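Below is my_file-v5.txt, which holds compact mmCIF, C-alpha atoms.
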```
# COMPACT_ATOMS: atom_id res chain seq x y z
CA MET M 1 6.43 -11.09 15.19
CA ALA M 2 9.89 -10.19 13.93
CA GLN M 3 11.37 -6.75 14.52
CA GLY M 4 14.14 -6.97 11.94
CA ALA M 5 14.04 -7.38 8.20
CA VAL M 6 12.83 -10.71 6.90
CA GLY M 7 13.35 -11.21 3.16
CA HIS M 8 11.02 -13.13 0.90
CA CYS M 9 13.60 -14.09 -1.73
CA SER M 10 16.16 -16.86 -1.83
CA GLY M 11 19.74 -16.74 -3.04
CA THR M 12 22.72 -14.48 -2.52
CA ASN M 13 22.85 -10.74 -1.90
CA HIS M 14 23.87 -10.25 -5.53
CA PHE M 15 21.19 -12.29 -7.23
CA ARG M 16 17.98 -13.59 -5.76
CA HIS M 17 14.80 -15.32 -6.87
CA CYS M 18 11.56 -13.87 -5.53
CA THR M 19 7.98 -15.02 -5.17
CA ARG M 20 5.30 -13.72 -7.52
CA SER M 21 4.59 -10.02 -7.09
CA PRO M 22 1.56 -7.88 -7.99
CA LEU M 23 4.04 -5.43 -9.48
CA GLY M 24 4.69 -7.75 -12.40
CA PRO M 25 7.08 -10.47 -13.59
CA ARG M 26 9.96 -7.99 -13.59
CA HIS M 27 9.92 -8.49 -9.82
CA GLU M 28 10.12 -12.29 -9.99
CA ARG M 29 13.86 -12.49 -10.76
CA VAL M 30 15.83 -9.64 -9.34
CA ALA M 31 19.26 -8.31 -8.50
CA TYR M 32 19.98 -5.57 -5.99
CA GLY M 33 20.05 -1.97 -7.16
CA ARG M 34 22.45 0.59 -5.72
CA SER M 35 21.28 1.39 -2.22
CA VAL M 36 17.61 2.38 -2.34
CA ILE M 37 15.62 0.77 0.50
CA LEU M 38 11.99 -0.18 -0.14
CA VAL M 39 9.73 -0.65 2.89
CA GLY M 40 6.02 -1.45 3.07
CA LEU M 41 3.67 0.62 5.22
CA THR M 42 0.15 -0.45 6.10
CA GLY M 43 -2.59 0.11 8.63
CA GLY M 44 -6.35 0.00 8.90
CA ILE M 45 -8.72 2.87 8.25
CA GLY M 46 -8.47 5.39 11.10
CA SER M 47 -5.08 4.06 12.22
CA GLY M 48 -3.20 7.23 11.34
CA LYS M 49 -1.11 5.55 8.66
CA SER M 50 -1.16 8.74 6.59
CA THR M 51 0.29 10.66 9.54
CA VAL M 52 3.14 8.14 9.83
CA SER M 53 3.71 8.38 6.08
CA ALA M 54 3.90 12.18 6.30
CA LEU M 55 6.36 12.02 9.19
CA LEU M 56 8.61 9.67 7.21
CA ALA M 57 8.38 12.01 4.21
CA GLN M 58 9.54 14.88 6.44
CA ARG M 59 12.65 12.85 7.20
CA GLY M 60 13.40 12.39 3.51
CA ALA M 61 11.51 9.28 2.44
CA ALA M 62 9.93 9.06 -1.00
CA ILE M 63 6.31 7.92 -0.65
CA VAL M 64 4.67 5.64 -3.20
CA ASP M 65 1.00 5.82 -2.16
CA ALA M 66 -1.19 3.12 -3.71
CA ASP M 67 -4.43 4.94 -2.89
CA ALA M 68 -3.18 8.23 -4.36
CA ILE M 69 -2.04 6.43 -7.51
CA THR M 70 -5.45 4.79 -7.86
CA ARG M 71 -7.18 8.17 -7.58
CA GLU M 72 -4.84 9.65 -10.19
CA LEU M 73 -5.51 6.82 -12.62
CA GLN M 74 -9.27 7.19 -12.13
CA ALA M 75 -9.34 10.96 -12.74
CA ALA M 76 -11.95 12.47 -15.07
CA GLY M 77 -11.30 11.58 -18.70
CA SER M 78 -8.64 8.99 -17.91
CA PRO M 79 -8.48 5.75 -19.94
CA LEU M 80 -9.10 3.75 -16.78
CA LEU M 81 -12.25 5.71 -15.91
CA VAL M 82 -13.51 5.29 -19.49
CA GLU M 83 -12.98 1.54 -19.17
CA LEU M 84 -14.79 1.45 -15.82
CA ALA M 85 -17.77 3.34 -17.26
CA ALA M 86 -17.90 0.97 -20.23
CA ARG M 87 -18.08 -2.00 -17.86
CA PHE M 88 -20.26 -0.62 -15.03
CA GLY M 89 -22.31 2.08 -16.74
CA ASP M 90 -22.37 5.87 -16.86
CA SER M 91 -24.10 6.01 -13.48
CA ILE M 92 -20.67 5.70 -11.84
CA ILE M 93 -19.62 9.06 -13.35
CA ARG M 94 -20.58 12.28 -11.57
CA ALA M 95 -21.86 15.36 -13.40
CA ASP M 96 -18.38 16.90 -13.22
CA GLY M 97 -16.86 13.87 -14.97
CA GLU M 98 -15.19 12.43 -11.87
CA LEU M 99 -15.70 8.91 -10.56
CA ASP M 100 -18.65 8.53 -8.18
CA ARG M 101 -16.95 6.18 -5.74
CA PRO M 102 -20.04 5.37 -3.65
CA ALA M 103 -21.95 4.54 -6.85
CA LEU M 104 -19.18 2.23 -8.03
CA ALA M 105 -18.98 0.60 -4.60
CA ALA M 106 -22.75 0.00 -4.64
CA VAL M 107 -22.48 -1.75 -7.99
CA ALA M 108 -19.32 -3.80 -7.39
CA PHE M 109 -18.91 -4.59 -3.72
CA GLY M 110 -22.16 -6.49 -3.24
CA ASP M 111 -21.52 -8.98 -6.04
CA PRO M 112 -18.40 -11.19 -6.11
CA ASP M 113 -18.41 -11.38 -9.90
CA GLU M 114 -18.68 -7.60 -10.26
CA LEU M 115 -15.91 -7.11 -7.71
CA LYS M 116 -13.73 -9.55 -9.64
CA ALA M 117 -14.40 -7.56 -12.82
CA LEU M 118 -13.52 -4.31 -11.05
CA ASN M 119 -10.26 -5.72 -9.73
CA ALA M 120 -9.36 -7.09 -13.16
CA ILE M 121 -9.62 -3.57 -14.58
CA VAL M 122 -8.04 -1.55 -11.77
CA HIS M 123 -5.34 -3.77 -10.27
CA PRO M 124 -3.13 -4.26 -13.35
CA ALA M 125 -3.02 -0.52 -14.07
CA VAL M 126 -2.28 0.34 -10.45
CA GLY M 127 0.38 -2.39 -10.23
CA ARG M 128 2.19 -1.03 -13.28
CA ALA M 129 2.06 2.53 -11.96
CA ILE M 130 3.37 1.49 -8.53
CA ARG M 131 6.22 -0.41 -10.13
CA ASP M 132 7.12 2.56 -12.32
CA ARG M 133 7.13 4.92 -9.32
CA ILE M 134 9.40 2.57 -7.37
CA GLU M 135 11.76 2.12 -10.30
CA SER M 136 12.07 5.89 -10.74
CA HIS M 137 14.13 5.81 -7.53
CA ILE M 138 16.25 2.77 -8.43
CA ASP M 139 19.49 4.66 -9.04
CA SER M 140 19.15 6.80 -5.92
CA ASP M 141 20.01 6.17 -2.29
CA ARG M 142 16.48 7.04 -1.16
CA ILE M 143 14.33 5.30 1.39
CA VAL M 144 11.09 4.53 -0.46
CA ILE M 145 7.90 3.84 1.48
CA LEU M 146 5.31 1.73 -0.34
CA ASP M 147 2.04 2.76 1.31
CA VAL M 148 -0.56 0.03 0.70
CA PRO M 149 -3.65 -0.05 2.96
CA LEU M 150 -4.53 -3.65 2.05
CA MET M 151 -1.07 -5.17 2.35
CA ALA M 152 -2.21 -7.69 4.97
CA GLU M 153 -5.08 -8.75 2.73
CA ASN M 154 -2.56 -9.26 -0.08
CA ASP M 155 -0.04 -11.48 1.77
CA GLY M 156 2.52 -8.85 2.75
CA LYS M 157 6.12 -9.46 1.65
CA ASN M 158 5.08 -12.53 -0.29
CA ARG M 159 3.24 -10.21 -2.68
CA TYR M 160 5.31 -7.01 -2.54
CA PRO M 161 9.09 -6.70 -3.06
CA VAL M 162 9.77 -4.91 0.22
CA ALA M 163 12.60 -5.43 2.70
CA ALA M 164 10.18 -5.17 5.63
CA VAL M 165 6.62 -4.24 6.56
CA ILE M 166 5.69 -1.49 9.01
CA VAL M 167 2.23 -1.80 10.55
CA VAL M 168 0.54 1.21 12.14
CA ASP M 169 -1.57 -0.27 14.93
CA THR M 170 -4.46 1.48 16.66
CA PRO M 171 -7.19 0.14 18.96
CA VAL M 172 -10.51 -0.19 17.16
CA ASP M 173 -12.31 2.23 19.48
CA VAL M 174 -9.65 4.89 18.87
CA ALA M 175 -9.90 4.40 15.10
CA VAL M 176 -13.70 4.70 15.28
CA GLU M 177 -13.45 7.91 17.30
CA ARG M 178 -11.07 9.43 14.73
CA LEU M 179 -13.32 8.50 11.83
CA VAL M 180 -16.34 10.04 13.54
CA ARG M 181 -14.56 13.18 14.73
CA TYR M 182 -12.32 14.00 11.79
CA ARG M 183 -13.92 12.36 8.75
CA GLY M 184 -17.61 12.68 9.43
CA PHE M 185 -18.47 8.99 9.70
CA ASP M 186 -21.31 7.85 11.89
CA GLU M 187 -20.19 5.23 14.38
CA ALA M 188 -22.00 2.30 12.76
CA ASP M 189 -20.49 3.05 9.36
CA ALA M 190 -17.03 3.46 10.86
CA ARG M 191 -17.24 0.09 12.58
CA ALA M 192 -18.58 -1.53 9.42
CA ARG M 193 -15.69 -0.15 7.35
CA ILE M 194 -13.16 -1.39 9.90
CA GLY M 195 -14.90 -4.78 9.97
CA ARG M 196 -14.47 -5.22 6.21
CA GLN M 197 -10.70 -4.90 6.48
CA ALA M 198 -8.11 -7.26 7.91
CA THR M 199 -8.18 -7.59 11.68
CA ARG M 200 -5.52 -6.05 13.90
CA GLU M 201 -4.17 -9.55 14.50
CA GLN M 202 -3.89 -10.26 10.78
CA ARG M 203 -1.94 -7.05 10.19
CA LEU M 204 0.33 -7.64 13.17
CA ALA M 205 1.11 -11.12 11.83
CA ILE M 206 2.87 -9.60 8.78
CA ALA M 207 4.68 -6.86 10.71
CA ASP M 208 8.44 -6.53 10.99
CA ARG M 209 7.97 -3.30 12.92
CA VAL M 210 4.86 -2.02 14.71
CA ILE M 211 4.05 1.63 15.32
CA ASP M 212 1.57 2.14 18.16
CA ASN M 213 -0.57 5.11 17.16
CA GLY M 214 -3.17 4.87 19.88
CA SER M 215 -1.80 7.63 22.08
CA THR M 216 -0.34 11.16 21.73
CA SER M 217 1.41 12.82 18.80
CA ALA M 218 4.53 13.27 20.94
CA GLU M 219 4.73 9.54 21.60
CA LEU M 220 4.23 8.87 17.90
CA GLU M 221 7.08 11.25 16.97
CA ALA M 222 9.41 9.46 19.36
CA GLN M 223 8.63 6.13 17.69
CA ILE M 224 9.26 7.58 14.23
CA ASP M 225 12.76 8.65 15.22
CA GLY M 226 13.62 5.08 16.15
CA LEU M 227 11.82 3.74 13.11
CA TRP M 228 13.83 5.95 10.75
CA GLU M 229 17.11 4.66 12.17
CA TRP M 230 15.89 1.06 11.89
CA ILE M 231 14.83 1.50 8.26
CA GLY M 232 18.34 2.67 7.40
CA SER M 233 19.70 -0.70 8.56
CA LEU M 234 17.54 -2.72 6.14
CA PRO M 235 18.86 -4.35 2.95
CA ALA M 236 18.67 -2.56 -0.38
CA TYR M 237 15.74 -2.92 -2.74
CA ALA M 238 15.74 -5.90 -5.07
CA HIS M 239 16.24 -4.20 -8.45
CA PRO M 240 14.40 -5.93 -11.33
CA THR M 241 16.25 -7.26 -14.33
CA PRO M 242 14.87 -5.97 -17.65
CA VAL M 243 12.31 -8.41 -19.00
CA SER M 244 9.13 -7.83 -20.98
CA ASP M 245 6.40 -5.75 -19.36
CA THR M 246 3.04 -7.41 -18.75
CA ALA M 247 -0.07 -6.76 -16.74
CA THR M 248 0.06 -7.30 -12.99
CA GLU M 249 -2.31 -8.32 -10.26
CA ALA M 250 -2.42 -6.22 -7.09
```
Spit out the file's structure as structure tokens when you get a sec.
Amino acid sequence: MAQGAVGHCSGTNHFRHCTRSPLGPRHERVAYGRSVILVGLTGGIGSGKSTVSALLAQRGAAIVDADAITRELQAAGSPLLVELAARFGDSIIRADGELDRPALAAVAFGDPDELKALNAIVHPAVGRAIRDRIESHIDSDRIVILDVPLMAENDGKNRYPVAAVIVVDTPVDVAVERLVRYRGFDEADARARIGRQATREQRLAIADRVIDNGSTSAELEAQIDGLWEWIGSLPAYAHPTPVSDTATEA
């Protein structure tokens, strides 16, 4: 696996053509912005990816968190939640008006057609929101971390306009122990959740930089210091040219 930045666009440093992105066609033909650096961050459940994200935020990074954006868009009374209820029924709404995630999962995840319908509703809205959050930093000199848990499942840099991908890697047994101890999972459920995601090998295959989070917090901190310096050496974000806005596919 590469340790430096590997771009996914062709052309010069002033104008490049990129592959199709889930963030919309405005990311298909791009020119560099000022000096903002966009980097992908991913890792499996229980890997400690959120801890790495928080440590990068402490050093000044702006975090664009795909999961947090999804939760915001699905808040009680939101247009997206209304659309989900219209498609999957009121049983996915709790008494307090919030989304009942386990109920939605029970309806959608066991049926490929229902899952496709769910993705068709959620992914375009999330893609637009992610793009807007990224573009809010375009004229800055910030380091922006795009935190996407399923980046390996979605083809890494070929699907996201990032300069590089950071993978937080943790042994499966360590991840299971964390899920049981800190998040209340039983072991069988923890292993099942991990098994439904990309394998460690699949994530490592898209990595430009790997953070080993299977040991102590002190060892993790030391890696973050080196990671922060490395991120600063990466090329600037590919700034989209203004073209019409359309729905995206995450």
Gln58 in chain M: which residues within 12 Å, counting only C-alpha atoms, same-chain residues fewer than 3 positions away excluded, as a ChimeraX atom specification? /M:51-55,61-63,143,221,224-225,228
Take the residues that were just selected and, keeping C-alpha atoms, output them as a PDB file, in the coordinates of the input.
```
ATOM      1  CA  THR M  51       0.290  10.660   9.540  1.00  0.00           C
ATOM      2  CA  VAL M  52       3.140   8.140   9.830  1.00  0.00           C
ATOM      3  CA  SER M  53       3.710   8.380   6.080  1.00  0.00           C
ATOM      4  CA  ALA M  54       3.900  12.180   6.300  1.00  0.00           C
ATOM      5  CA  LEU M  55       6.360  12.020   9.190  1.00  0.00           C
ATOM      6  CA  ALA M  61      11.510   9.280   2.440  1.00  0.00           C
ATOM      7  CA  ALA M  62       9.930   9.060  -1.000  1.00  0.00           C
ATOM      8  CA  ILE M  63       6.310   7.920  -0.650  1.00  0.00           C
ATOM      9  CA  ILE M 143      14.330   5.300   1.390  1.00  0.00           C
ATOM     10  CA  GLU M 221       7.080  11.250  16.970  1.00  0.00           C
ATOM     11  CA  ILE M 224       9.260   7.580  14.230  1.00  0.00           C
ATOM     12  CA  ASP M 225      12.760   8.650  15.220  1.00  0.00           C
ATOM     13  CA  TRP M 228      13.830   5.950  10.750  1.00  0.00           C
TER      14      TRP M 228
END
```
Best match for closeness to Ala120 in chain M among M:Leu150, M:Ile92, M:Leu99, M:Leu84, counting only C-alpha atoms: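 Among the listed residues, M:Leu84 lies closest to Ala120 in chain M.
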Give me the residues near Ser35 in chain M as a PyMOL selection string, where near means some atom within 9 Å (using all atoms listed in the file) and where sequence neighbours in that chain fewer than 3 positions away do not count. chain M and resi 32+138-143+235-237
Do you know which residues lie at most 12 Å from (2.7, 3.0, 17.0), with coordinates as in the file and all atoms listed in the file counted, and could you write them as a PyMOL selection string? chain M and resi 42-43+47-49+51-52+166-171+204+207+209-227
Separating CA of Gly232 in chain M from CA of Asp155 in chain M, to the nearest tenth of an Å, is a gap of 23.9 Å
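Take the candidates M:Trp230, M:Phe185, M:Phe88, M:Tyr160 and check each one against Leu104 in chain M using all atoms listed in the file; the shortest distance goes to M:Phe88.
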Have a look at M:Val122, M:Leu146, M:Leu41, M:Val174 and name the one nearest to Ile206 in chain M; count all atoms listed in the file.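 Residue with the minimum atom-to-atom distance to Ile206 in chain M: M:Leu41.
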I need the residue nearest Pro124 in chain M from this list: M:Ala95, M:Ile231, M:Val36, M:Leu80. Use all atoms listed in the file for the distance. M:Leu80
Rank M:Ala175, M:Arg131, M:Ala57, M:Ser91 by their smallest atom-to-atom distance to Ala192 in chain M, using all atoms listed in the file, and report the top residue only.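 So, comparing all the options, the nearest one is M:Ala175.
Among the candidates M:Ile45, M:Asn158, M:Ile69, M:Val64, the residue lying nearest to Arg196 in chain M is M:Ile45 (atoms considered: only C-alpha atoms).
Counting from CA of Pro149 in chain M, the distance to CA of Ala66 in chain M is 7.8 Å.
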Calculate how many Å separate CA of Ile145 in chain M from CA of Leu56 in chain M, rounding to one decimal. 8.2 Å
Shell of 12 Å around Arg101 in chain M, only C-alpha atoms, local chain residues under 5 positions omitted, as a VMD selection string: chain M and resid 70 to 71 74 to 75 81 84 to 85 88 91 to 94 106 to 109
Give me the residues near Ala188 in chain M as number ranges by chain, where near means some atom within 12 Å (using all atoms listed in the file) and where sequence neighbours in that chain fewer than 5 positions away do not count. M: 173, 176-177, 179-180, 193-195
Taking only C-alpha atoms, show range 87-199 of chain M of the given structure as a CSV table (one decimal), in the first residue's frame.
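Okay, out_2.csv is ready:
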```csv
chain,number,residue,atom,x,y,z
M,87,ARG,CA,-41.8,4.7,2.0
M,88,PHE,CA,-41.3,2.4,4.9
M,89,GLY,CA,-44.2,3.1,7.2
M,90,ASP,CA,-44.8,4.9,10.5
M,91,SER,CA,-43.4,1.9,12.4
M,92,ILE,CA,-39.9,3.3,11.8
M,93,ILE,CA,-40.8,6.5,13.9
M,94,ARG,CA,-40.5,6.4,17.7
M,95,ALA,CA,-43.1,7.9,20.0
M,96,ASP,CA,-40.8,11.0,20.4
M,97,GLY,CA,-40.8,11.5,16.7
M,98,GLU,CA,-37.2,10.4,16.1
M,99,LEU,CA,-36.1,7.6,13.7
M,100,ASP,CA,-36.2,4.1,15.2
M,101,ARG,CA,-33.0,2.9,13.6
M,102,PRO,CA,-33.4,-0.8,14.6
M,103,ALA,CA,-36.9,-0.8,13.1
M,104,LEU,CA,-35.7,0.7,9.9
M,105,ALA,CA,-32.8,-1.8,9.7
M,106,ALA,CA,-35.2,-4.7,10.3
M,107,VAL,CA,-37.3,-3.5,7.3
M,108,ALA,CA,-34.6,-2.6,4.9
M,109,PHE,CA,-31.5,-4.6,5.5
M,110,GLY,CA,-33.0,-8.0,5.0
M,111,ASP,CA,-34.4,-7.3,1.5
M,112,PRO,CA,-32.1,-6.1,-1.3
M,113,ASP,CA,-34.9,-4.1,-3.0
M,114,GLU,CA,-35.8,-2.4,0.3
M,115,LEU,CA,-32.2,-1.6,0.9
M,116,LYS,CA,-31.9,-0.1,-2.6
M,117,ALA,CA,-35.0,2.0,-1.9
M,118,LEU,CA,-33.5,3.2,1.3
M,119,ASN,CA,-30.2,4.1,-0.3
M,120,ALA,CA,-32.0,6.0,-3.1
M,121,ILE,CA,-33.7,8.2,-0.5
M,122,VAL,CA,-30.8,8.8,1.9
M,123,HIS,CA,-27.6,8.8,-0.2
M,124,PRO,CA,-28.4,11.8,-2.5
M,125,ALA,CA,-29.3,14.0,0.5
M,126,VAL,CA,-26.3,13.0,2.4
M,127,GLY,CA,-24.0,13.4,-0.6
M,128,ARG,CA,-25.3,17.0,-1.2
M,129,ALA,CA,-24.8,17.9,2.5
M,130,ILE,CA,-21.3,16.5,2.6
M,131,ARG,CA,-20.4,18.4,-0.5
M,132,ASP,CA,-21.8,21.6,0.9
M,133,ARG,CA,-19.8,21.1,4.2
M,134,ILE,CA,-16.6,20.6,2.2
M,135,GLU,CA,-17.2,23.6,0.0
M,136,SER,CA,-17.8,25.8,3.0
M,137,HIS,CA,-14.0,25.5,3.6
M,138,ILE,CA,-13.0,26.0,0.0
M,139,ASP,CA,-11.5,29.5,0.5
M,140,SER,CA,-9.7,28.6,3.7
M,141,ASP,CA,-6.3,27.0,4.3
M,142,ARG,CA,-7.9,24.3,6.5
M,143,ILE,CA,-7.2,20.6,6.6
M,144,VAL,CA,-10.6,19.0,6.2
M,145,ILE,CA,-11.1,15.4,7.2
M,146,LEU,CA,-13.9,13.6,5.4
M,147,ASP,CA,-14.9,10.9,7.9
M,148,VAL,CA,-16.8,8.1,6.0
M,149,PRO,CA,-17.1,4.7,7.7
M,150,LEU,CA,-17.9,2.8,4.5
M,151,MET,CA,-15.2,4.4,2.3
M,152,ALA,CA,-13.7,1.0,1.4
M,153,GLU,CA,-17.1,-0.3,0.5
M,154,ASN,CA,-17.5,2.7,-1.8
M,155,ASP,CA,-14.2,2.5,-3.8
M,156,GLY,CA,-12.1,5.0,-1.8
M,157,LYS,CA,-10.5,7.8,-3.8
M,158,ASN,CA,-12.3,6.7,-7.0
M,159,ARG,CA,-15.6,7.7,-5.3
M,160,TYR,CA,-14.5,10.6,-3.1
M,161,PRO,CA,-12.5,13.7,-4.1
M,162,VAL,CA,-9.8,13.3,-1.4
M,163,ALA,CA,-6.0,13.7,-1.7
M,164,ALA,CA,-5.4,10.5,0.3
M,165,VAL,CA,-7.2,8.0,2.5
M,166,ILE,CA,-6.3,7.3,6.2
M,167,VAL,CA,-7.3,3.9,7.5
M,168,VAL,CA,-7.6,3.3,11.2
M,169,ASP,CA,-6.7,-0.4,11.6
M,170,THR,CA,-7.5,-2.5,14.7
M,171,PRO,CA,-7.4,-6.3,15.2
M,172,VAL,CA,-10.9,-7.8,15.2
M,173,ASP,CA,-10.6,-9.2,18.7
M,174,VAL,CA,-9.7,-5.7,20.0
M,175,ALA,CA,-12.6,-4.1,18.2
M,176,VAL,CA,-15.0,-6.7,19.6
M,177,GLU,CA,-13.7,-6.1,23.1
M,178,ARG,CA,-14.3,-2.4,22.8
M,179,LEU,CA,-17.8,-2.8,21.5
M,180,VAL,CA,-18.7,-5.2,24.3
M,181,ARG,CA,-17.0,-3.1,27.0
M,182,TYR,CA,-17.8,0.5,26.0
M,183,ARG,CA,-20.9,0.2,23.8
M,184,GLY,CA,-22.9,-2.6,25.4
M,185,PHE,CA,-22.8,-5.1,22.5
M,186,ASP,CA,-22.9,-8.8,23.2
M,187,GLU,CA,-20.0,-10.6,21.6
M,188,ALA,CA,-22.0,-12.4,18.9
M,189,ASP,CA,-23.6,-9.1,17.8
M,190,ALA,CA,-20.3,-7.3,17.7
M,191,ARG,CA,-18.7,-10.0,15.5
M,192,ALA,CA,-21.8,-10.0,13.3
M,193,ARG,CA,-21.6,-6.2,12.8
M,194,ILE,CA,-17.9,-6.4,12.0
M,195,GLY,CA,-18.6,-9.2,9.6
M,196,ARG,CA,-21.1,-7.1,7.6
M,197,GLN,CA,-18.4,-4.4,6.9
M,198,ALA,CA,-15.4,-4.5,4.7
M,199,THR,CA,-12.6,-6.7,5.9
```
